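Shown below: work-v2.pdb, with PDB, C-alpha atoms, pLDDT in the B column.
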MODEL        1
ATOM      1  CA  ASN A   1     -14.098  12.564   8.887  1.00 55.00           C
ATOM      2  CA  ALA A   2     -14.613  10.037   6.114  1.00 75.00           C
ATOM      3  CA  GLY A   3     -11.611   8.078   4.973  1.00 91.00           C
ATOM      4  CA  VAL A   4     -10.462   7.450   1.423  1.00 95.00           C
ATOM      5  CA  MET A   5     -13.383   6.271  -0.664  1.00 96.00           C
ATOM      6  CA  GLN A   6     -13.184   4.044  -3.696  1.00 97.00           C
ATOM      7  CA  ASN A   7     -15.876   2.875  -6.045  1.00 97.00           C
ATOM      8  CA  PRO A   8     -16.943   0.537  -7.240  1.00 97.00           C
ATOM      9  CA  ARG A   9     -15.731  -1.985  -4.690  1.00 96.00           C
ATOM     10  CA  HIS A  10     -16.081  -4.795  -7.203  1.00 97.00           C
ATOM     11  CA  LEU A  11     -15.971  -4.501 -10.968  1.00 98.00           C
ATOM     12  CA  VAL A  12     -16.381  -7.233 -13.544  1.00 98.00           C
ATOM     13  CA  ARG A  13     -15.405  -6.624 -17.146  1.00 98.00           C
ATOM     14  CA  ARG A  14     -15.033  -8.772 -20.225  1.00 97.00           C
ATOM     15  CA  ARG A  15     -11.816  -8.770 -22.193  1.00 97.00           C
ATOM     16  CA  GLY A  16     -11.600  -5.701 -24.404  1.00 97.00           C
ATOM     17  CA  GLN A  17     -13.896  -3.518 -22.311  1.00 98.00           C
ATOM     18  CA  GLU A  18     -12.883  -0.418 -20.377  1.00 98.00           C
ATOM     19  CA  ALA A  19     -12.594  -0.189 -16.598  1.00 98.00           C
ATOM     20  CA  ARG A  20     -12.915   3.081 -14.681  1.00 98.00           C
ATOM     21  CA  LEU A  21     -11.944   3.141 -11.025  1.00 98.00           C
ATOM     22  CA  ARG A  22     -12.698   6.145  -8.850  1.00 98.00           C
ATOM     23  CA  CYS A  23     -10.994   7.478  -5.747  1.00 98.00           C
ATOM     24  CA  SER A  24     -12.097  10.307  -3.475  1.00 97.00           C
ATOM     25  CA  PRO A  25      -9.266  11.308  -1.117  1.00 95.00           C
ATOM     26  CA  MET A  26      -9.707  12.202   2.522  1.00 93.00           C
ATOM     27  CA  LYS A  27     -10.938  15.712   3.184  1.00 91.00           C
ATOM     28  CA  GLY A  28      -8.071  18.175   2.916  1.00 86.00           C
ATOM     29  CA  HIS A  29      -5.797  15.751   1.043  1.00 89.00           C
ATOM     30  CA  SER A  30      -4.541  16.833  -2.352  1.00 89.00           C
ATOM     31  CA  HIS A  31      -2.110  13.992  -3.121  1.00 92.00           C
ATOM     32  CA  VAL A  32      -3.392  10.718  -4.549  1.00 95.00           C
ATOM     33  CA  TYR A  33      -1.527   7.479  -5.235  1.00 96.00           C
ATOM     34  CA  TRP A  34      -2.649   4.345  -7.034  1.00 98.00           C
ATOM     35  CA  TYR A  35      -1.288   0.870  -6.251  1.00 97.00           C
ATOM     36  CA  ARG A  36      -2.076  -2.545  -7.665  1.00 97.00           C
ATOM     37  CA  GLN A  37      -2.059  -5.809  -5.721  1.00 94.00           C
ATOM     38  CA  LEU A  38      -1.906  -8.949  -7.788  1.00 88.00           C
ATOM     39  CA  PRO A  39      -2.786 -12.313  -6.202  1.00 78.00           C
ATOM     40  CA  GLU A  40       0.010 -13.547  -3.914  1.00 74.00           C
ATOM     41  CA  GLU A  41       2.002 -10.335  -4.421  1.00 78.00           C
ATOM     42  CA  GLY A  42       2.537  -7.153  -2.461  1.00 83.00           C
ATOM     43  CA  LEU A  43       1.331  -3.748  -3.489  1.00 93.00           C
ATOM     44  CA  LYS A  44       3.024  -2.189  -6.502  1.00 95.00           C
ATOM     45  CA  PHE A  45       3.102   1.561  -7.046  1.00 95.00           C
ATOM     46  CA  MET A  46       1.465   2.782 -10.228  1.00 97.00           C
ATOM     47  CA  VAL A  47       1.077   6.564 -10.228  1.00 96.00           C
ATOM     48  CA  TYR A  48       1.232   9.636  -7.984  1.00 94.00           C
ATOM     49  CA  LEU A  49      -0.954  12.648  -8.742  1.00 94.00           C
ATOM     50  CA  GLN A  50      -1.696  16.041  -7.320  1.00 92.00           C
ATOM     51  CA  LYS A  51      -4.604  18.163  -8.456  1.00 89.00           C
ATOM     52  CA  GLU A  52      -4.405  18.424 -12.267  1.00 89.00           C
ATOM     53  CA  ASN A  53      -0.823  17.109 -12.333  1.00 93.00           C
ATOM     54  CA  ILE A  54       0.855  13.729 -12.707  1.00 94.00           C
ATOM     55  CA  ILE A  55       3.905  13.770 -10.452  1.00 92.00           C
ATOM     56  CA  ASP A  56       5.262  10.240 -10.938  1.00 93.00           C
ATOM     57  CA  GLU A  57       3.901   7.622 -13.326  1.00 94.00           C
ATOM     58  CA  SER A  58       6.927   5.336 -13.271  1.00 93.00           C
ATOM     59  CA  GLY A  59       4.807   2.325 -12.261  1.00 94.00           C
ATOM     60  CA  MET A  60       2.149   2.679 -14.915  1.00 95.00           C
ATOM     61  CA  PRO A  61       2.115   0.218 -17.801  1.00 94.00           C
ATOM     62  CA  LYS A  62       3.005   2.050 -20.996  1.00 89.00           C
ATOM     63  CA  GLU A  63      -0.200   1.167 -22.794  1.00 94.00           C
ATOM     64  CA  ARG A  64      -3.906   1.048 -21.924  1.00 97.00           C
ATOM     65  CA  PHE A  65      -3.546   2.633 -18.482  1.00 97.00           C
ATOM     66  CA  SER A  66      -4.114   6.281 -17.647  1.00 97.00           C
ATOM     67  CA  ALA A  67      -4.874   8.319 -14.548  1.00 97.00           C
ATOM     68  CA  GLU A  68      -6.152  11.763 -13.787  1.00 96.00           C
ATOM     69  CA  PHE A  69      -6.995  13.904 -10.761  1.00 96.00           C
ATOM     70  CA  PRO A  70      -9.051  16.864 -11.962  1.00 93.00           C
ATOM     71  CA  LYS A  71      -9.522  20.119 -10.120  1.00 91.00           C
ATOM     72  CA  GLU A  72     -13.017  19.021  -9.171  1.00 91.00           C
ATOM     73  CA  GLY A  73     -14.134  15.468  -8.530  1.00 93.00           C
ATOM     74  CA  PRO A  74     -12.429  12.165  -7.802  1.00 96.00           C
ATOM     75  CA  SER A  75      -9.258  10.717  -9.204  1.00 97.00           C
ATOM     76  CA  ILE A  76      -9.875   8.232 -12.015  1.00 98.00           C
ATOM     77  CA  LEU A  77      -7.746   5.240 -13.005  1.00 98.00           C
ATOM     78  CA  ARG A  78      -8.748   4.130 -16.482  1.00 98.00           C
ATOM     79  CA  ILE A  79      -7.844   0.806 -18.063  1.00 98.00           C
ATOM     80  CA  GLN A  80      -8.685   0.422 -21.730  1.00 98.00           C
ATOM     81  CA  GLN A  81      -9.145  -2.912 -23.503  1.00 98.00           C
ATOM     82  CA  VAL A  82      -8.764  -4.937 -20.333  1.00 98.00           C
ATOM     83  CA  VAL A  83      -7.058  -8.338 -20.389  1.00 96.00           C
ATOM     84  CA  ARG A  84      -7.209 -11.178 -17.870  1.00 95.00           C
ATOM     85  CA  GLY A  85      -3.846 -10.139 -16.443  1.00 94.00           C
ATOM     86  CA  ASP A  86      -5.398  -6.856 -15.278  1.00 96.00           C
ATOM     87  CA  SER A  87      -7.460  -8.766 -12.689  1.00 96.00           C
ATOM     88  CA  ALA A  88      -6.245  -7.450  -9.339  1.00 96.00           C
ATOM     89  CA  ALA A  89      -7.128  -5.268  -6.379  1.00 96.00           C
ATOM     90  CA  TYR A  90      -6.484  -1.596  -7.081  1.00 98.00           C
ATOM     91  CA  PHE A  91      -5.888   0.610  -4.065  1.00 98.00           C
ATOM     92  CA  CYS A  92      -5.910   4.357  -3.831  1.00 97.00           C
ATOM     93  CA  ALA A  93      -4.131   6.256  -1.071  1.00 95.00           C
ATOM     94  CA  SER A  94      -4.151   9.934  -0.203  1.00 94.00           C
ATOM     95  CA  SER A  95      -1.944  12.246   1.816  1.00 90.00           C
ATOM     96  CA  PRO A  96      -2.182  15.861   2.909  1.00 84.00           C
ATOM     97  CA  PRO A  97      -0.368  18.726   1.224  1.00 78.00           C
ATOM     98  CA  GLY A  98       2.568  20.619   2.620  1.00 66.00           C
ATOM     99  CA  ARG A  99       4.291  17.871   4.620  1.00 57.00           C
ATOM    100  CA  GLY A 100       6.824  16.905   2.000  1.00 54.00           C
ATOM    101  CA  ALA A 101       8.497  13.550   2.264  1.00 51.00           C
ATOM    102  CA  LEU A 102       6.927  12.737   5.633  1.00 60.00           C
ATOM    103  CA  ASN A 103       3.440  12.535   4.147  1.00 72.00           C
ATOM    104  CA  GLU A 104       1.623   9.566   5.551  1.00 83.00           C
ATOM    105  CA  GLN A 105      -0.494   7.706   3.040  1.00 90.00           C
ATOM    106  CA  PHE A 106      -3.960   6.528   4.026  1.00 91.00           C
ATOM    107  CA  PHE A 107      -5.466   3.768   1.930  1.00 95.00           C
ATOM    108  CA  GLY A 108      -8.961   3.179   0.681  1.00 96.00           C
ATOM    109  CA  PRO A 109     -10.746  -0.206   0.726  1.00 95.00           C
ATOM    110  CA  GLY A 110      -9.768  -1.003  -2.852  1.00 97.00           C
ATOM    111  CA  THR A 111     -11.549  -1.940  -6.062  1.00 98.00           C
ATOM    112  CA  ARG A 112     -11.389  -5.596  -7.030  1.00 96.00           C
ATOM    113  CA  LEU A 113     -11.338  -5.906 -10.797  1.00 97.00           C
ATOM    114  CA  THR A 114     -12.166  -9.232 -12.402  1.00 97.00           C
ATOM    115  CA  VAL A 115     -11.693  -9.653 -16.130  1.00 97.00           C
ATOM    116  CA  LEU A 116     -13.607 -12.524 -17.663  1.00 95.00           C
TER     117      LEU A 116
ATOM    118  CA  GLN B   1      16.749  -8.871  -6.750  1.00 73.00           C
ATOM    119  CA  LYS B   2      13.711  -7.192  -5.243  1.00 82.00           C
ATOM    120  CA  GLU B   3      14.270  -3.831  -3.576  1.00 90.00           C
ATOM    121  CA  VAL B   4      12.414  -5.034  -0.474  1.00 94.00           C
ATOM    122  CA  GLU B   5      12.384  -8.643   0.701  1.00 93.00           C
ATOM    123  CA  GLN B   6       9.846  -9.992   3.183  1.00 93.00           C
ATOM    124  CA  ASP B   7       9.158 -13.579   4.152  1.00 84.00           C
ATOM    125  CA  PRO B   8       5.545 -14.246   3.107  1.00 79.00           C
ATOM    126  CA  GLY B   9       4.979 -16.843   5.824  1.00 82.00           C
ATOM    127  CA  PRO B  10       2.407 -17.935   6.778  1.00 90.00           C
ATOM    128  CA  LEU B  11       3.351 -17.493  10.402  1.00 94.00           C
ATOM    129  CA  SER B  12       1.213 -19.146  13.084  1.00 96.00           C
ATOM    130  CA  VAL B  13       1.666 -18.390  16.800  1.00 96.00           C
ATOM    131  CA  PRO B  14      -0.335 -19.036  19.993  1.00 97.00           C
ATOM    132  CA  GLU B  15      -2.138 -16.193  21.702  1.00 97.00           C
ATOM    133  CA  GLY B  16       0.185 -14.215  23.980  1.00 97.00           C
ATOM    134  CA  ALA B  17       3.333 -14.957  21.982  1.00 97.00           C
ATOM    135  CA  ILE B  18       5.828 -12.327  20.869  1.00 97.00           C
ATOM    136  CA  VAL B  19       5.817 -11.974  17.105  1.00 96.00           C
ATOM    137  CA  SER B  20       8.800 -10.790  15.079  1.00 96.00           C
ATOM    138  CA  LEU B  21       8.311  -9.663  11.483  1.00 96.00           C
ATOM    139  CA  ASN B  22      11.235  -8.596   9.325  1.00 96.00           C
ATOM    140  CA  CYS B  23      12.184  -6.972   6.041  1.00 96.00           C
ATOM    141  CA  THR B  24      15.484  -6.381   4.321  1.00 96.00           C
ATOM    142  CA  TYR B  25      16.131  -3.858   1.605  1.00 95.00           C
ATOM    143  CA  SER B  26      18.846  -3.101  -0.892  1.00 94.00           C
ATOM    144  CA  ASN B  27      18.409   0.617  -1.655  1.00 91.00           C
ATOM    145  CA  SER B  28      20.405   2.686   0.832  1.00 90.00           C
ATOM    146  CA  ALA B  29      18.502   5.800  -0.305  1.00 89.00           C
ATOM    147  CA  PHE B  30      15.380   4.696   1.568  1.00 90.00           C
ATOM    148  CA  GLN B  31      14.825   7.061   4.471  1.00 88.00           C
ATOM    149  CA  TYR B  32      11.282   6.425   5.679  1.00 90.00           C
ATOM    150  CA  PHE B  33       9.992   3.088   6.907  1.00 93.00           C
ATOM    151  CA  MET B  34       6.453   1.966   7.572  1.00 94.00           C
ATOM    152  CA  TRP B  35       4.479  -1.046   8.678  1.00 96.00           C
ATOM    153  CA  TYR B  36       0.935  -1.571   7.419  1.00 96.00           C
ATOM    154  CA  ARG B  37      -1.618  -4.133   8.556  1.00 96.00           C
ATOM    155  CA  GLN B  38      -4.067  -5.525   6.019  1.00 95.00           C
ATOM    156  CA  TYR B  39      -7.066  -7.619   6.966  1.00 94.00           C
ATOM    157  CA  SER B  40      -8.485  -9.951   4.352  1.00 90.00           C
ATOM    158  CA  ARG B  41     -10.118  -8.049   1.469  1.00 87.00           C
ATOM    159  CA  LYS B  42      -9.528  -4.683   3.136  1.00 91.00           C
ATOM    160  CA  GLY B  43      -7.187  -1.773   2.472  1.00 93.00           C
ATOM    161  CA  PRO B  44      -3.826  -1.470   4.274  1.00 94.00           C
ATOM    162  CA  GLU B  45      -3.886   0.383   7.585  1.00 94.00           C
ATOM    163  CA  LEU B  46      -0.824   2.316   8.767  1.00 92.00           C
ATOM    164  CA  LEU B  47       0.583   0.919  12.024  1.00 94.00           C
ATOM    165  CA  MET B  48       4.010   2.455  12.483  1.00 92.00           C
ATOM    166  CA  TYR B  49       6.103   5.115  10.725  1.00 88.00           C
ATOM    167  CA  THR B  50       9.791   5.775  11.398  1.00 88.00           C
ATOM    168  CA  TYR B  51      12.501   7.742   9.678  1.00 82.00           C
ATOM    169  CA  SER B  52      15.620   7.031  11.663  1.00 80.00           C
ATOM    170  CA  SER B  53      17.555   4.084  12.994  1.00 84.00           C
ATOM    171  CA  GLY B  54      16.472   2.868  16.408  1.00 87.00           C
ATOM    172  CA  ASN B  55      13.278   1.772  18.075  1.00 90.00           C
ATOM    173  CA  LYS B  56       9.794   3.262  18.155  1.00 91.00           C
ATOM    174  CA  GLU B  57       7.157   1.902  20.483  1.00 94.00           C
ATOM    175  CA  ASP B  58       3.378   2.232  20.340  1.00 93.00           C
ATOM    176  CA  GLY B  59       1.442   0.076  22.770  1.00 95.00           C
ATOM    177  CA  ARG B  60       2.106  -3.579  22.008  1.00 97.00           C
ATOM    178  CA  PHE B  61       3.979  -2.705  18.809  1.00 97.00           C
ATOM    179  CA  THR B  62       7.668  -1.853  18.441  1.00 96.00           C
ATOM    180  CA  ALA B  63       9.283  -0.888  15.138  1.00 95.00           C
ATOM    181  CA  GLN B  64      13.022  -1.228  14.782  1.00 95.00           C
ATOM    182  CA  VAL B  65      15.205   0.150  12.001  1.00 95.00           C
ATOM    183  CA  ASP B  66      18.866  -0.693  11.394  1.00 93.00           C
ATOM    184  CA  LYS B  67      20.016   1.337   8.410  1.00 91.00           C
ATOM    185  CA  SER B  68      23.568  -0.004   8.548  1.00 92.00           C
ATOM    186  CA  SER B  69      22.265  -3.538   7.990  1.00 93.00           C
ATOM    187  CA  LYS B  70      19.323  -2.434   5.804  1.00 93.00           C
ATOM    188  CA  TYR B  71      16.972  -4.338   8.078  1.00 94.00           C
ATOM    189  CA  ILE B  72      13.687  -3.392   9.701  1.00 96.00           C
ATOM    190  CA  SER B  73      11.538  -5.280  12.192  1.00 96.00           C
ATOM    191  CA  LEU B  74       8.130  -5.123  13.777  1.00 97.00           C
ATOM    192  CA  PHE B  75       7.578  -6.781  17.160  1.00 97.00           C
ATOM    193  CA  ILE B  76       4.129  -7.525  18.525  1.00 97.00           C
ATOM    194  CA  ARG B  77       3.929  -8.306  22.236  1.00 97.00           C
ATOM    195  CA  ASP B  78       1.110 -10.288  23.851  1.00 97.00           C
ATOM    196  CA  SER B  79      -0.300 -11.161  20.446  1.00 97.00           C
ATOM    197  CA  GLN B  80      -4.085 -11.452  20.134  1.00 97.00           C
ATOM    198  CA  PRO B  81      -6.317 -13.307  17.654  1.00 97.00           C
ATOM    199  CA  SER B  82      -7.385  -9.883  16.380  1.00 96.00           C
ATOM    200  CA  ASP B  83      -3.777  -9.335  15.239  1.00 97.00           C
ATOM    201  CA  SER B  84      -4.288 -12.046  12.605  1.00 97.00           C
ATOM    202  CA  ALA B  85      -3.715 -10.242   9.318  1.00 96.00           C
ATOM    203  CA  THR B  86      -1.103  -9.654   6.642  1.00 94.00           C
ATOM    204  CA  TYR B  87       1.673  -7.273   7.684  1.00 96.00           C
ATOM    205  CA  LEU B  88       3.350  -5.233   4.981  1.00 96.00           C
ATOM    206  CA  CYS B  89       6.580  -3.340   5.334  1.00 96.00           C
ATOM    207  CA  ALA B  90       6.960  -0.274   3.121  1.00 95.00           C
ATOM    208  CA  MET B  91       9.660   2.299   2.561  1.00 93.00           C
ATOM    209  CA  LYS B  92      10.448   5.316   0.466  1.00 89.00           C
ATOM    210  CA  GLN B  93      13.016   7.928  -0.470  1.00 82.00           C
ATOM    211  CA  GLU B  94      12.045  11.580  -0.724  1.00 73.00           C
ATOM    212  CA  GLY B  95       8.774  11.899  -2.560  1.00 72.00           C
ATOM    213  CA  GLY B  96       5.611   9.872  -2.535  1.00 78.00           C
ATOM    214  CA  LYS B  97       6.238   6.420  -3.986  1.00 89.00           C
ATOM    215  CA  LEU B  98       6.074   3.578  -1.441  1.00 93.00           C
ATOM    216  CA  ILE B  99       7.926   0.334  -2.104  1.00 94.00           C
ATOM    217  CA  PHE B 100       6.267  -2.595  -0.367  1.00 95.00           C
ATOM    218  CA  GLY B 101       7.453  -5.979   0.740  1.00 94.00           C
ATOM    219  CA  GLN B 102       5.405  -8.998  -0.258  1.00 92.00           C
ATOM    220  CA  GLY B 103       3.641  -9.117   3.115  1.00 93.00           C
ATOM    221  CA  THR B 104       3.724 -11.706   5.917  1.00 94.00           C
ATOM    222  CA  GLU B 105       0.508 -13.529   6.739  1.00 93.00           C
ATOM    223  CA  LEU B 106       0.145 -13.882  10.520  1.00 96.00           C
ATOM    224  CA  SER B 107      -2.303 -16.133  12.332  1.00 96.00           C
ATOM    225  CA  VAL B 108      -2.667 -15.901  16.131  1.00 97.00           C
ATOM    226  CA  LYS B 109      -4.416 -18.964  17.541  1.00 96.00           C
ATOM    227  CA  PRO B 110      -6.574 -18.659  20.700  1.00 95.00           C
TER     228      PRO B 110
ENDMDL
END

Written as structure tokens, how would this file's structure read?
Amino acid sequence: NAGVMQNPRHLVRRRGQEARLRCSPMKGHSHVYWYRQLPEEGLKFMVYLQKENIIDESGMPKERFSAEFPKEGPSILRIQQVVRGDSAAYFCASSPPGRGALNEQFFGPGTRLTVL
Amino acid sequence: QKEVEQDPGPLSVPEGAIVSLNCTYSNSAFQYFMWYRQYSRKGPELLMYTYSSGNKEDGRFTAQVDKSSKYISLFIRDSQPSDSATYLCAMKQEGGKLIFGQGTELSVKP
């Protein structure tokens, strides 16, 4: 049973370009979470999605960032007009449906974004 | 004030030592408490998951939660070089969002 998959593992963008990060949850999982880890900092929650719905986006920056989890295909975290401060490791986690607040979150290997 | 405080270390111990890692938190609404291990340039891996005060043991690992003091701990017995990693505490209320501590970098020397 494959774990959470993220691609690309490394992404380099120049300032002003767009970054698209993909996350395929574990088989049978319908909840996806995105976290960001800045250098020397812990993980910070960004957004929580279920299929076709954003449940909690309280950690998302108000501008340039968006996320989706379509009915078919992976979840996408999109960063428009990237700036150097967006350089970080972005982690996706998934959890199964139907277990409510006890859902355990399983993390992917992360995408390391570098903005030149 | 951060919702979750964790000493970032680094912490260096000899092989075989008992390691104690700790977090404090300020939000009394947190109900679920986790410890993750993260190796360098990898994703976090869930180690322990508790939702009540008291102790939970799994092999060489013991998680302890004291809700009255808003304090959680992870103990590692007979530490091994392979335990060298960053340990992250995390907690949440109802719902999905995890709040993480900064992480403690642990090095176990042979």

For the contact check between chain B and chain A, emit one row per residue of chain B within 9 Å, containing the shortest atom pair and the distance in Å rounded to one decimal, counting only C-alpha atoms, chain then rising number order, as a tab-separated table.
residue	atom	partner	partner_atom	distance
B:Pro8	CA	A:Glu40	CA	9.0
B:Tyr32	CA	A:Leu102	CA	7.7
B:Arg41	CA	A:Pro109	CA	7.9
B:Lys42	CA	A:Pro109	CA	5.2
B:Gly43	CA	A:Pro109	CA	4.3
B:Pro44	CA	A:Phe107	CA	6.0
B:Glu45	CA	A:Phe107	CA	6.8
B:Leu46	CA	A:Phe106	CA	7.1
B:Tyr49	CA	A:Glu104	CA	8.2
B:Tyr51	CA	A:Leu102	CA	8.5
B:Leu88	CA	A:Gly42	CA	7.7
B:Lys92	CA	A:Ala101	CA	8.7
B:Gln93	CA	A:Ala101	CA	7.7
B:Glu94	CA	A:Ala101	CA	5.0
B:Gly95	CA	A:Ala101	CA	5.1
B:Gly96	CA	A:Ala101	CA	6.7
B:Lys97	CA	A:Phe45	CA	6.5
B:Leu98	CA	A:Phe45	CA	6.7
B:Ile99	CA	A:Phe45	CA	7.0
B:Phe100	CA	A:Leu43	CA	6.0
B:Gly101	CA	A:Gly42	CA	6.0
B:Gln102	CA	A:Gly42	CA	4.1
B:Gly103	CA	A:Gly42	CA	6.0

Centre, x/y/z edge lengths, axis-aligned box for range 91-99 of chain B with 5 Å per side, as lines of an AutoDock Vina configuration file:
center_x = 9.3
center_y = 6.1
center_z = -0.7
size_x = 17.4
size_y = 21.6
size_z = 16.5

Would you pick out the contacts of Phe33 in chain B at 9 Å or less, using all atoms listed in the file, so that residues sharing its chain but fewer than 4 positions from it are not included, and give the list as a PDB file with C-alpha atoms, in the frame of the given file?
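The resulting file, selection-v3.pdb, is reproduced below:
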ATOM      1  CA  MET B  48       4.010   2.455  12.483  1.00 92.00           C
ATOM      2  CA  TYR B  49       6.103   5.115  10.725  1.00 88.00           C
ATOM      3  CA  THR B  50       9.791   5.775  11.398  1.00 88.00           C
ATOM      4  CA  TYR B  51      12.501   7.742   9.678  1.00 82.00           C
ATOM      5  CA  SER B  52      15.620   7.031  11.663  1.00 80.00           C
ATOM      6  CA  VAL B  65      15.205   0.150  12.001  1.00 95.00           C
ATOM      7  CA  ILE B  72      13.687  -3.392   9.701  1.00 96.00           C
ATOM      8  CA  CYS B  89       6.580  -3.340   5.334  1.00 96.00           C
ATOM      9  CA  ALA B  90       6.960  -0.274   3.121  1.00 95.00           C
ATOM     10  CA  MET B  91       9.660   2.299   2.561  1.00 93.00           C
ATOM     11  CA  LYS B  92      10.448   5.316   0.466  1.00 89.00           C
TER      12      LYS B  92
END

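Near Val82 in chain A, within 10 Å and counting all atoms listed in the file, sit Arg13, Arg14, Arg15, Gly16, Gln17, Glu18, Ala19, Arg64, Phe65, Leu113, Thr114, Val115 and Leu116 of chain A; same-chain residues fewer than 6 positions away were not included.
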
Residues of the last selection are to be written out with C-alpha atoms, as a short mmCIF file (atom, residue, chain, number, x, y, z; two decimals), in the frame of the given file.
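Done, and the output landed in again_29.cif:
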data_model
loop_
_atom_site.label_atom_id
_atom_site.label_comp_id
_atom_site.auth_asym_id
_atom_site.auth_seq_id
_atom_site.Cartn_x
_atom_site.Cartn_y
_atom_site.Cartn_z
CA ARG A 13 -15.40 -6.62 -17.15
CA ARG A 14 -15.03 -8.77 -20.23
CA ARG A 15 -11.82 -8.77 -22.19
CA GLY A 16 -11.60 -5.70 -24.40
CA GLN A 17 -13.90 -3.52 -22.31
CA GLU A 18 -12.88 -0.42 -20.38
CA ALA A 19 -12.59 -0.19 -16.60
CA ARG A 64 -3.91 1.05 -21.92
CA PHE A 65 -3.55 2.63 -18.48
CA LEU A 113 -11.34 -5.91 -10.80
CA THR A 114 -12.17 -9.23 -12.40
CA VAL A 115 -11.69 -9.65 -16.13
CA LEU A 116 -13.61 -12.52 -17.66
#

- Message: Please compute the CA of Tyr87 in chain B-CA of Leu106 in chain B distance, one decimal, in Å.
- Response: 7.4 Å

I would like the residues chosen by the PyMOL selection byres ((chain B and resi 4) around 6) on the shown file; could you give them as a tab-separated table (two decimals) with C-alpha atoms, keeping the file's coordinate frame?
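result25.tsv written:
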chain	number	residue	atom	x	y	z
B	2	LYS	CA	13.71	-7.19	-5.24
B	3	GLU	CA	14.27	-3.83	-3.58
B	5	GLU	CA	12.38	-8.64	0.70
B	24	THR	CA	15.48	-6.38	4.32
B	25	TYR	CA	16.13	-3.86	1.60
B	101	GLY	CA	7.45	-5.98	0.74

- Query: Within 12 Å of Ser69 in chain B, counting all atoms listed in the file, which residues qualify if same-chain residues fewer than 4 places away don't, as a ChimeraX atom specification?
  - Reply: /B:23-28,53,64-65,73

- Lys109 in chain B: which residues within 7 Å, counting only C-alpha atoms, same-chain residues fewer than 6 positions away excluded, as number ranges by chain? B: 13-15, 81

- Message: Could you tell me, as a ChimeraX atom specification, exactly which residues end up selected when the PyMOL selection byres ((chain A and resi 20) around 7) is applied to this structure?
- Response: /A:18-19,21-22,76-79

Dump as a PDB file, in the coordinates of the input, selection limited to C-alpha atoms:
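Contents of the output file selection_17.pdb:
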ATOM      1  CA  GLU A  18     -12.883  -0.418 -20.377  1.00 98.00           C
ATOM      2  CA  ALA A  19     -12.594  -0.189 -16.598  1.00 98.00           C
ATOM      3  CA  LEU A  21     -11.944   3.141 -11.025  1.00 98.00           C
ATOM      4  CA  ARG A  22     -12.698   6.145  -8.850  1.00 98.00           C
ATOM      5  CA  ILE A  76      -9.875   8.232 -12.015  1.00 98.00           C
ATOM      6  CA  LEU A  77      -7.746   5.240 -13.005  1.00 98.00           C
ATOM      7  CA  ARG A  78      -8.748   4.130 -16.482  1.00 98.00           C
ATOM      8  CA  ILE A  79      -7.844   0.806 -18.063  1.00 98.00           C
TER       9      ILE A  79
END

- Item | Neighbour list for Ala63 in chain B as JSON, numbers by chain, cut-off 7 Å, only C-alpha atoms, skip fewer than 3 positions in-chain | {"B": [48, 55, 56, 57, 73, 74, 75]}
